[in-house]
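A.B. asks: Structure: start-v7.pdb, PDB, C-alpha atoms (C1' of nucleotides).
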```pdb
ATOM      1  CA  MET V  22      -7.710-122.514-116.356
ATOM      2  CA  ARG V  23      -4.358-122.038-118.083
ATOM      3  CA  ASP V  24      -5.674-119.400-120.445
ATOM      4  CA  ASN V  25      -7.772-117.597-117.867
ATOM      5  CA  PRO V  26      -6.404-114.042-118.129
ATOM      6  CA  LEU V  27      -6.779-113.530-114.389
ATOM      7  CA  MET V  28      -4.599-116.539-113.648
ATOM      8  CA  VAL V  29      -2.130-115.509-116.359
ATOM      9  CA  ILE V  30      -1.750-112.185-114.581
ATOM     10  CA  TYR V  31      -1.394-113.931-111.238
ATOM     11  CA  ARG V  32       1.364-116.183-112.521
ATOM     12  CA  HIS V  33       3.259-113.250-114.026
ATOM     13  CA  LEU V  34       3.066-111.374-110.754
ATOM     14  CA  PHE V  35       3.981-114.319-108.554
ATOM     15  CA  GLU V  36       6.912-115.273-110.745
ATOM     16  CA  ARG V  37       8.199-111.724-110.645
ATOM     17  CA  PHE V  38       7.541-110.720-107.056
ATOM     18  CA  GLY V  39       7.139-114.000-105.140
ATOM     19  CA  PRO V  40       4.967-114.366-102.049
ATOM     20  CA  GLN V  41       4.120-111.103-100.312
ATOM     21  CA  HIS V  42       3.269-112.472 -96.846
ATOM     22  CA  TRP V  43       0.383-110.091 -96.244
ATOM     23  CA  TRP V  44      -1.149-108.665 -94.094
ATOM     24  CA  PRO V  45       1.588-106.932 -92.090
ATOM     25  CA  GLY V  46      -0.007-107.341 -88.655
ATOM     26  CA  GLU V  47       0.951-109.470 -85.674
ATOM     27  CA  THR V  48      -2.618-110.278 -84.638
ATOM     28  CA  PRO V  49      -6.045-110.264 -86.290
ATOM     29  CA  PHE V  50      -6.947-107.232 -84.193
ATOM     30  CA  GLU V  51      -3.920-105.359 -85.446
ATOM     31  CA  VAL V  52      -4.906-106.255 -89.007
ATOM     32  CA  ILE V  53      -8.352-104.757 -88.439
ATOM     33  CA  VAL V  54      -6.952-101.569 -86.920
ATOM     34  CA  GLY V  55      -4.541-101.312 -89.842
ATOM     35  CA  ALA V  56      -7.352-101.818 -92.349
ATOM     36  CA  ILE V  57      -9.222 -98.824 -90.949
ATOM     37  CA  LEU V  58      -6.145 -96.656 -90.557
ATOM     38  CA  THR V  59      -4.896 -97.272 -94.090
ATOM     39  CA  GLN V  60      -8.025 -95.865 -95.736
ATOM     40  CA  ASN V  61      -6.722 -93.485 -98.407
ATOM     41  CA  THR V  62      -3.403 -93.374 -96.583
ATOM     42  CA  ALA V  63       0.126 -94.628 -97.237
ATOM     43  CA  TRP V  64       1.083 -97.629 -95.133
ATOM     44  CA  THR V  65       4.238 -95.924 -93.844
ATOM     45  CA  ASN V  66       2.016 -93.436 -92.023
ATOM     46  CA  VAL V  67      -0.157 -96.229 -90.650
ATOM     47  CA  GLU V  68       2.903 -97.962 -89.187
ATOM     48  CA  LYS V  69       3.644 -94.930 -87.053
ATOM     49  CA  ALA V  70       0.110 -94.854 -85.716
ATOM     50  CA  ILE V  71       0.218 -98.588 -84.975
ATOM     51  CA  GLY V  72       3.492 -98.081 -83.125
ATOM     52  CA  ASN V  73       1.876 -95.376 -80.992
ATOM     53  CA  LEU V  74      -1.090 -97.610 -80.195
ATOM     54  CA  LYS V  75       1.174-100.477 -79.159
ATOM     55  CA  GLN V  76       3.166 -98.155 -76.941
ATOM     56  CA  ALA V  77      -0.083 -97.049 -75.331
ATOM     57  CA  GLY V  78      -1.044-100.683 -74.716
ATOM     58  CA  ALA V  79      -4.011-100.206 -77.001
ATOM     59  CA  MET V  80      -3.510-102.955 -79.566
ATOM     60  CA  THR V  81      -6.153-105.180 -77.993
ATOM     61  CA  PRO V  82      -9.910-104.646 -77.930
ATOM     62  CA  LEU V  83      -9.890-103.875 -74.192
ATOM     63  CA  GLY V  84      -6.773-101.733 -74.400
ATOM     64  CA  LEU V  85      -8.112 -99.682 -77.257
ATOM     65  CA  ARG V  86     -11.451 -99.244 -75.542
ATOM     66  CA  SER V  87      -9.736 -97.814 -72.490
ATOM     67  CA  LEU V  88      -8.452 -94.803 -74.437
ATOM     68  CA  SER V  89     -10.431 -91.583 -74.564
ATOM     69  CA  MET V  90     -11.316 -90.267 -78.007
ATOM     70  CA  ASP V  91      -8.687 -87.548 -77.607
ATOM     71  CA  GLU V  92      -5.999 -90.052 -76.631
ATOM     72  CA  LEU V  93      -6.981 -92.310 -79.492
ATOM     73  CA  ALA V  94      -6.922 -89.471 -82.015
ATOM     74  CA  GLU V  95      -3.519 -88.361 -80.752
ATOM     75  CA  CYS V  96      -2.083 -91.878 -81.152
ATOM     76  CA  ILE V  97      -3.294 -92.228 -84.715
ATOM     77  CA  ARG V  98      -2.519 -88.669 -85.817
ATOM     78  CA  PRO V  99       0.322 -89.748 -88.159
ATOM     79  CA  ALA V 100      -2.134 -91.824 -90.217
ATOM     80  CA  GLY V 101      -4.100 -88.742 -91.218
ATOM     81  CA  TYR V 102      -7.860 -88.119 -90.940
ATOM     82  CA  PHE V 103      -7.297 -88.829 -87.257
ATOM     83  CA  ASN V 104     -10.614 -87.488 -85.983
ATOM     84  CA  VAL V 105     -12.564 -89.463 -88.561
ATOM     85  CA  LYS V 106     -10.554 -92.632 -88.016
ATOM     86  CA  ALA V 107     -10.765 -92.392 -84.225
ATOM     87  CA  ARG V 108     -14.543 -92.428 -84.578
ATOM     88  CA  ARG V 109     -14.378 -95.322 -87.022
ATOM     89  CA  LEU V 110     -12.216 -97.396 -84.675
ATOM     90  CA  ALA V 111     -14.603 -96.618 -81.832
ATOM     91  CA  ASN V 112     -17.541 -97.642 -84.015
ATOM     92  CA  PHE V 113     -15.882-100.957 -84.789
ATOM     93  CA  LEU V 114     -15.132-101.543 -81.096
ATOM     94  CA  ALA V 115     -18.693-100.727 -80.121
ATOM     95  CA  TRP V 116     -19.941-103.381 -82.546
ATOM     96  CA  LEU V 117     -17.319-105.912 -81.413
ATOM     97  CA  PHE V 118     -18.371-105.623 -77.773
ATOM     98  CA  GLU V 119     -22.085-105.356 -78.378
ATOM     99  CA  ALA V 120     -22.388-108.124 -80.949
ATOM    100  CA  CYS V 121     -19.512-110.430 -79.986
ATOM    101  CA  GLY V 122     -18.623-109.634 -76.373
ATOM    102  CA  GLY V 123     -15.309-108.194 -77.544
ATOM    103  CA  ASP V 124     -14.251-111.604 -78.859
ATOM    104  CA  LEU V 125     -12.849-111.748 -82.385
ATOM    105  CA  ASP V 126     -13.133-115.549 -82.437
ATOM    106  CA  ALA V 127     -16.856-115.210 -81.841
ATOM    107  CA  ALA V 128     -17.038-112.756 -84.723
ATOM    108  CA  CYS V 129     -15.078-115.103 -86.959
ATOM    109  CA  ALA V 130     -17.357-118.040 -86.155
ATOM    110  CA  GLN V 131     -20.233-116.442 -88.053
ATOM    111  CA  ARG V 132     -21.136-117.126 -91.656
ATOM    112  CA  THR V 133     -19.042-115.015 -94.003
ATOM    113  CA  ASP V 134     -21.965-113.237 -95.647
ATOM    114  CA  ALA V 135     -23.586-112.435 -92.306
ATOM    115  CA  LEU V 136     -20.318-111.127 -90.910
ATOM    116  CA  ARG V 137     -19.731-109.025 -94.021
ATOM    117  CA  GLU V 138     -23.168-107.466 -93.695
ATOM    118  CA  GLN V 139     -22.517-106.547 -90.077
ATOM    119  CA  LEU V 140     -19.144-105.015 -90.891
ATOM    120  CA  LEU V 141     -20.676-102.949 -93.693
ATOM    121  CA  ALA V 142     -23.315-101.668 -91.282
ATOM    122  CA  ILE V 143     -20.595-100.073 -89.122
ATOM    123  CA  ASN V 144     -20.207 -96.407 -89.947
ATOM    124  CA  GLY V 145     -16.731 -95.977 -91.417
ATOM    125  CA  ILE V 146     -16.344 -99.499 -92.775
ATOM    126  CA  GLY V 147     -17.034 -99.669 -96.494
ATOM    127  CA  PRO V 148     -16.622-102.578 -98.892
ATOM    128  CA  GLU V 149     -12.844-102.481 -99.225
ATOM    129  CA  THR V 150     -12.207-102.232 -95.497
ATOM    130  CA  ALA V 151     -14.797-104.920 -94.733
ATOM    131  CA  ASP V 152     -13.290-107.299 -97.264
ATOM    132  CA  SER V 153      -9.737-106.601 -96.074
ATOM    133  CA  ILE V 154     -10.875-107.536 -92.565
ATOM    134  CA  LEU V 155     -12.672-110.656 -93.795
ATOM    135  CA  LEU V 156      -9.720-111.873 -95.841
ATOM    136  CA  TYR V 157      -6.695-110.821 -93.841
ATOM    137  CA  ALA V 158      -8.001-110.902 -90.263
ATOM    138  CA  PHE V 159     -10.624-113.653 -90.487
ATOM    139  CA  ASN V 160      -9.186-115.743 -93.360
ATOM    140  CA  LYS V 161     -12.469-115.770 -95.254
ATOM    141  CA  PRO V 162     -12.357-116.308 -99.042
ATOM    142  CA  VAL V 163     -13.349-112.777-100.076
ATOM    143  CA  PHE V 164     -11.441-110.959-102.800
ATOM    144  CA  VAL V 165     -10.437-107.411-101.871
ATOM    145  CA  ILE V 166     -10.949-104.820-104.587
ATOM    146  CA  ASP V 167      -9.036-101.570-104.336
ATOM    147  CA  ALA V 168      -8.003 -98.667-106.529
ATOM    148  CA  TYR V 169      -4.950-100.556-107.777
ATOM    149  CA  THR V 170      -7.025-103.595-108.718
ATOM    150  CA  CYS V 171      -9.467-101.497-110.748
ATOM    151  CA  ARG V 172      -6.677 -99.520-112.376
ATOM    152  CA  ILE V 173      -4.689-102.607-113.359
ATOM    153  CA  LEU V 174      -7.723-104.541-114.617
ATOM    154  CA  GLY V 175      -8.893-101.463-116.503
ATOM    155  CA  ARG V 176      -5.569-100.900-118.188
ATOM    156  CA  HIS V 177      -5.454-104.549-119.216
ATOM    157  CA  ARG V 178      -8.916-104.257-120.745
ATOM    158  CA  LEU V 179     -10.559-106.635-118.316
ATOM    159  CA  LEU V 180     -13.201-104.119-117.215
ATOM    160  CA  ASP V 181     -15.888-102.548-119.384
ATOM    161  CA  GLY V 182     -15.279 -98.967-118.408
ATOM    162  CA  PRO V 183     -15.705 -97.816-114.830
ATOM    163  CA  ALA V 184     -17.084-100.738-112.807
ATOM    164  CA  ASP V 185     -18.648-100.746-109.365
ATOM    165  CA  TYR V 186     -17.033-102.550-106.451
ATOM    166  CA  GLU V 187     -19.381-105.518-106.327
ATOM    167  CA  SER V 188     -19.179-106.353-110.016
ATOM    168  CA  VAL V 189     -15.376-106.301-109.951
ATOM    169  CA  ARG V 190     -15.387-108.511-106.875
ATOM    170  CA  GLU V 191     -17.767-110.964-108.531
ATOM    171  CA  MET V 192     -15.570-111.037-111.613
ATOM    172  CA  MET V 193     -12.487-111.872-109.554
ATOM    173  CA  GLU V 194     -14.233-114.419-107.357
ATOM    174  CA  SER V 195     -15.843-116.214-110.274
ATOM    175  CA  GLY V 196     -12.701-116.090-112.412
ATOM    176  CA  ILE V 197     -10.213-117.690-110.044
ATOM    177  CA  PRO V 198     -10.401-120.671-107.668
ATOM    178  CA  ARG V 199     -12.146-119.877-104.379
ATOM    179  CA  ASP V 200      -9.119-120.092-102.135
ATOM    180  CA  THR V 201      -8.256-117.841 -99.227
ATOM    181  CA  ALA V 202      -4.497-118.171 -99.665
ATOM    182  CA  LEU V 203      -4.788-117.347-103.376
ATOM    183  CA  TYR V 204      -7.017-114.329-102.732
ATOM    184  CA  ASN V 205      -4.603-113.137-100.075
ATOM    185  CA  GLU V 206      -1.571-113.423-102.307
ATOM    186  CA  TYR V 207      -3.239-112.130-105.457
ATOM    187  CA  HIS V 208      -4.479-108.907-103.891
ATOM    188  CA  ALA V 209      -1.136-108.295-102.222
ATOM    189  CA  LEU V 210       0.601-108.809-105.572
ATOM    190  CA  LEU V 211      -1.760-106.354-107.292
ATOM    191  CA  VAL V 212      -0.925-103.724-104.702
ATOM    192  CA  ARG V 213       2.774-104.451-105.118
ATOM    193  CA  LEU V 214       2.447-104.039-108.890
ATOM    194  CA  GLY V 215       0.350-100.921-108.476
ATOM    195  CA  LYS V 216       2.826 -99.262-106.176
ATOM    196  CA  GLU V 217       5.725 -99.882-108.514
ATOM    197  CA  PHE V 218       4.248 -99.628-111.995
ATOM    198  CA  CYS V 219       0.607 -98.662-112.161
ATOM    199  CA  LYS V 220       0.241 -95.295-110.450
ATOM    200  CA  PRO V 221      -2.088 -92.710-111.975
ATOM    201  CA  ARG V 222       0.946 -91.790-114.066
ATOM    202  CA  PRO V 223       2.050 -95.289-115.048
ATOM    203  CA  ARG V 224       5.614 -96.458-115.440
ATOM    204  CA  CYS V 225       5.329 -99.501-117.670
ATOM    205  CA  GLN V 226       8.939-100.232-118.550
ATOM    206  CA  GLY V 227       9.997-103.347-116.689
ATOM    207  CA  CYS V 228       6.447-104.086-115.567
ATOM    208  CA  PRO V 229       5.897-107.855-115.326
ATOM    209  CA  LEU V 230       2.667-107.423-117.332
ATOM    210  CA  GLU V 231       4.126-105.196-120.040
ATOM    211  CA  ASP V 232       3.851-107.939-122.667
ATOM    212  CA  LEU V 233       0.143-108.510-121.961
ATOM    213  CA  PRO V 234      -2.489-106.414-123.756
ATOM    214  CA  HIS V 235      -2.823-103.065-122.059
ATOM    215  CA  ASP V 236      -3.498 -99.419-122.687
ATOM    216  CA  VAL V 237      -1.755 -96.910-120.464
ATOM    217  CA  GLU V 238      -3.683 -93.979-121.889
ATOM    218  CA  MET V 239      -7.047 -95.391-120.918
ATOM    219  CA  ALA V 240      -9.042 -93.195-118.578
ATOM    220  CA  ASP V 241      -9.698 -95.519-115.707
ATOM    221  CA  GLU V 242     -10.567 -93.570-112.609
TER     222      GLU V 242
ATOM    223  C1'  DG C  23       4.628 -77.024-104.274
ATOM    224  C1'  DA C  24       1.984 -80.585-106.455
ATOM    225  C1'  DC C  25       0.818 -85.149-106.340
ATOM    226  C1'  DC C  26      -0.170 -89.408-104.215
ATOM    227  C1'  DA C  27      -1.455 -92.896-100.650
ATOM    228  C1'  DG C  28      -4.173-100.375 -99.675
ATOM    229  C1'  DG C  29     -11.801 -95.010 -98.515
ATOM    230  C1'  DC C  30     -15.855 -93.536 -96.694
ATOM    231  C1'  DA C  31     -19.877 -90.716 -95.505
ATOM    232  C1'  DC C  32     -22.593 -87.108 -96.529
ATOM    233  C1'  DA C  33     -24.563 -83.139 -99.174
ATOM    234  C1'  DT C  34     -26.307 -81.709-103.307
ATOM    235  C1'  DC C  35     -28.139 -81.882-107.789
TER     236       DC C  35
ATOM    237  C1'  DG F  20     -28.561 -92.494-108.881
ATOM    238  C1'  DA F  21     -24.506 -89.828-109.998
ATOM    239  C1'  DT F  22     -21.225 -86.507-108.753
ATOM    240  C1'  DG F  23     -18.594 -83.476-105.582
ATOM    241  C1'  DT F  24     -16.451 -82.570-101.194
ATOM    242  C1'  DG F  25     -14.350 -82.962 -96.535
ATOM    243  C1'  DC F  26     -11.342 -85.449 -93.906
ATOM    244  C1'  DA F  27      -5.087 -84.752 -92.753
ATOM    245  C1'  DT F  28      -0.545 -86.650 -92.500
ATOM    246  C1'  DG F  29       3.878 -87.589 -94.636
ATOM    247  C1'  DG F  30       6.818 -89.284 -98.577
ATOM    248  C1'  DT F  31       8.383 -88.365-103.359
TER     249       DT F  31
END
```
What do you get writing this file as structure tokens?
C.D. replies:
Amino acid sequence: MRDNPLMVIYRHLFERFGPQHWWPGETPFEVIVGAILTQNTAWTNVEKAIGNLKQAGAMTPLGLRSLSMDELAECIRPAGYFNVKARRLANFLAWLFEACGGDLDAACAQRTDALREQLLAINGIGPETADSILLYAFNKPVFVIDAYTCRILGRHRLLDGPADYESVREMMESGIPRDTALYNEYHALLVRLGKEFCKPRPRCQGCPLEDLPHDVEMADE
DNA sequence: GACCAGGCACATC
DNA sequence: GATGTGCATGGT
């Protein structure tokens, strides 16, 4: 395992950045709401929307369900795409109450693959959002793949060209020990690295991976 | 003012 | 099946 490039990257990142303590949410429900709100959106904007929801007493399944669509959209306006995301939150809630009686523990008690399938069947929850919920709200060992992950792996020549979500996920899950805490930390570290060094226009000087093989010019999106 | 941010669904070819 | 487009706010 020492020479596994994925674990080499992990060690570099952990040594440089330390534990990230993700996900920034006080409850599993808040993590789920955040996962939907952060779709293609900066987290700073999501925080404002979460603050509005808390102020409205809507950071529980019942509380959120009591809001009208207009009230919900108004609360989450700062997170962008507010009409779309209001519908997506409502879709998630509808599933939670219909399938699990509004009880997240009941949802969590299911097999991981069955739960993942149900989440993916909800309109507005795609693979990244589903896996973020599984890992960070339900503590299931599912590796979350996002744009940063693909970009970083691509630039370090660990992907053969553009790869689809599932194949990248399988690569990560088969390449590192199946461990929820490790998955949690690793993904958070990749996002941290991505935010600081691996934007579409990369800034590689000082990057903790700058001594590893990489190619900043590679077309990767 | 352009670019970017922890995507996804849907239309079109 | 692949590719393009709409959705929207706020920070840099």
A.B. asks: For chain F, which residue among V:Lys106, V:Gly55, V:Tyr31, V:Thr81 is the nearest when counting all atoms listed in the file?
C.D. replies: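 Closest to chain F, using all atoms listed in the file: V:Lys106.
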A.B. asks: Counting only C-alpha atoms (C1' of nucleotides), write as a PyMOL selection string all protein and nucleic acid residues lying at most 12 Å from (-7.7, -116.9, -100.3) in the file's frame.
C.D. replies: chain V and resi 43+152-153+155-165+193-194+197-209
A.B. asks: Output the contact residues of chain C with respect to chain V at a cut-off of 8 Å, based on all atoms listed in the file, as a ChimeraX atom specification.
C.D. replies: /C:27-31
A.B. asks: Starting from the shown file, work through the PyMOL selection byres ((chain V) within 8 of (chain F)) and note down what comes out as a count of residues only.
C.D. replies: 8
A.B. asks: How many Å separate atom CA of V:Asp91 from atom CA of V:Glu68?
C.D. replies: 19.4 Å
A.B. asks: What does the distance from atom CA of V:Val189 to atom CA of V:Leu27 come to in Å, to one decimal?
C.D. replies: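 Interatomic distance here is 12.1 Å.
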A.B. asks: If you apply the PyMOL selection byres ((chain V and resi 177) around 10) to this file, what residues do you get, as an mmCIF file with C-alpha atoms, in the coordinates of the input?
C.D. replies:
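Saved to expr28.cif:
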```cif
data_model
loop_
_atom_site.group_PDB
_atom_site.id
_atom_site.type_symbol
_atom_site.label_atom_id
_atom_site.label_comp_id
_atom_site.auth_asym_id
_atom_site.auth_seq_id
_atom_site.Cartn_x
_atom_site.Cartn_y
_atom_site.Cartn_z
ATOM 1 C CA PRO V 26 -6.404 -114.042 -118.129
ATOM 2 C CA ILE V 30 -1.750 -112.185 -114.581
ATOM 3 C CA CYS V 171 -9.467 -101.497 -110.748
ATOM 4 C CA ARG V 172 -6.677 -99.520 -112.376
ATOM 5 C CA ILE V 173 -4.689 -102.607 -113.359
ATOM 6 C CA LEU V 174 -7.723 -104.541 -114.617
ATOM 7 C CA GLY V 175 -8.893 -101.463 -116.503
ATOM 8 C CA ARG V 176 -5.569 -100.900 -118.188
ATOM 9 C CA ARG V 178 -8.916 -104.257 -120.745
ATOM 10 C CA LEU V 179 -10.559 -106.635 -118.316
ATOM 11 C CA LEU V 180 -13.201 -104.119 -117.215
ATOM 12 C CA LEU V 230 2.667 -107.423 -117.332
ATOM 13 C CA GLU V 231 4.126 -105.196 -120.040
ATOM 14 C CA LEU V 233 0.143 -108.510 -121.961
ATOM 15 C CA PRO V 234 -2.489 -106.414 -123.756
ATOM 16 C CA HIS V 235 -2.823 -103.065 -122.059
ATOM 17 C CA ASP V 236 -3.498 -99.419 -122.687
ATOM 18 C CA VAL V 237 -1.755 -96.910 -120.464
ATOM 19 C CA MET V 239 -7.047 -95.391 -120.918
#
```
A.B. asks: For atom CA of V:Glu187 and atom CA of V:Ile154, determine how far apart the two atoms are, in Å to one decimal place.
C.D. replies: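 According to the coordinates, atom CA of V:Glu187 and atom CA of V:Ile154 are separated by 16.3 Å.
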A.B. asks: With distances taken over all atoms listed in the file, which residue among V:Ala107, V:Gly78, V:Thr170, V:Leu136 lies nearest V:Met192?
C.D. replies: V:Thr170
A.B. asks: Looking at only C-alpha atoms, which of V:Ile71, V:Leu93, V:Val29, V:Cys228 is the one that sits closest to V:Gly46?
C.D. replies: V:Ile71
A.B. asks: With 6 Å on each side, where is the centre of the axis-aligned box around all listed atoms of stretch 20-30 of chain F, and how long are its edges in Å to one decimal, as AutoDock Vina command-line options?
C.D. replies:
```
--center_x -10.9 --center_y -87.5 --center_z -101.2 --size_x 47.4 --size_y 21.9 --size_z 29.5
```
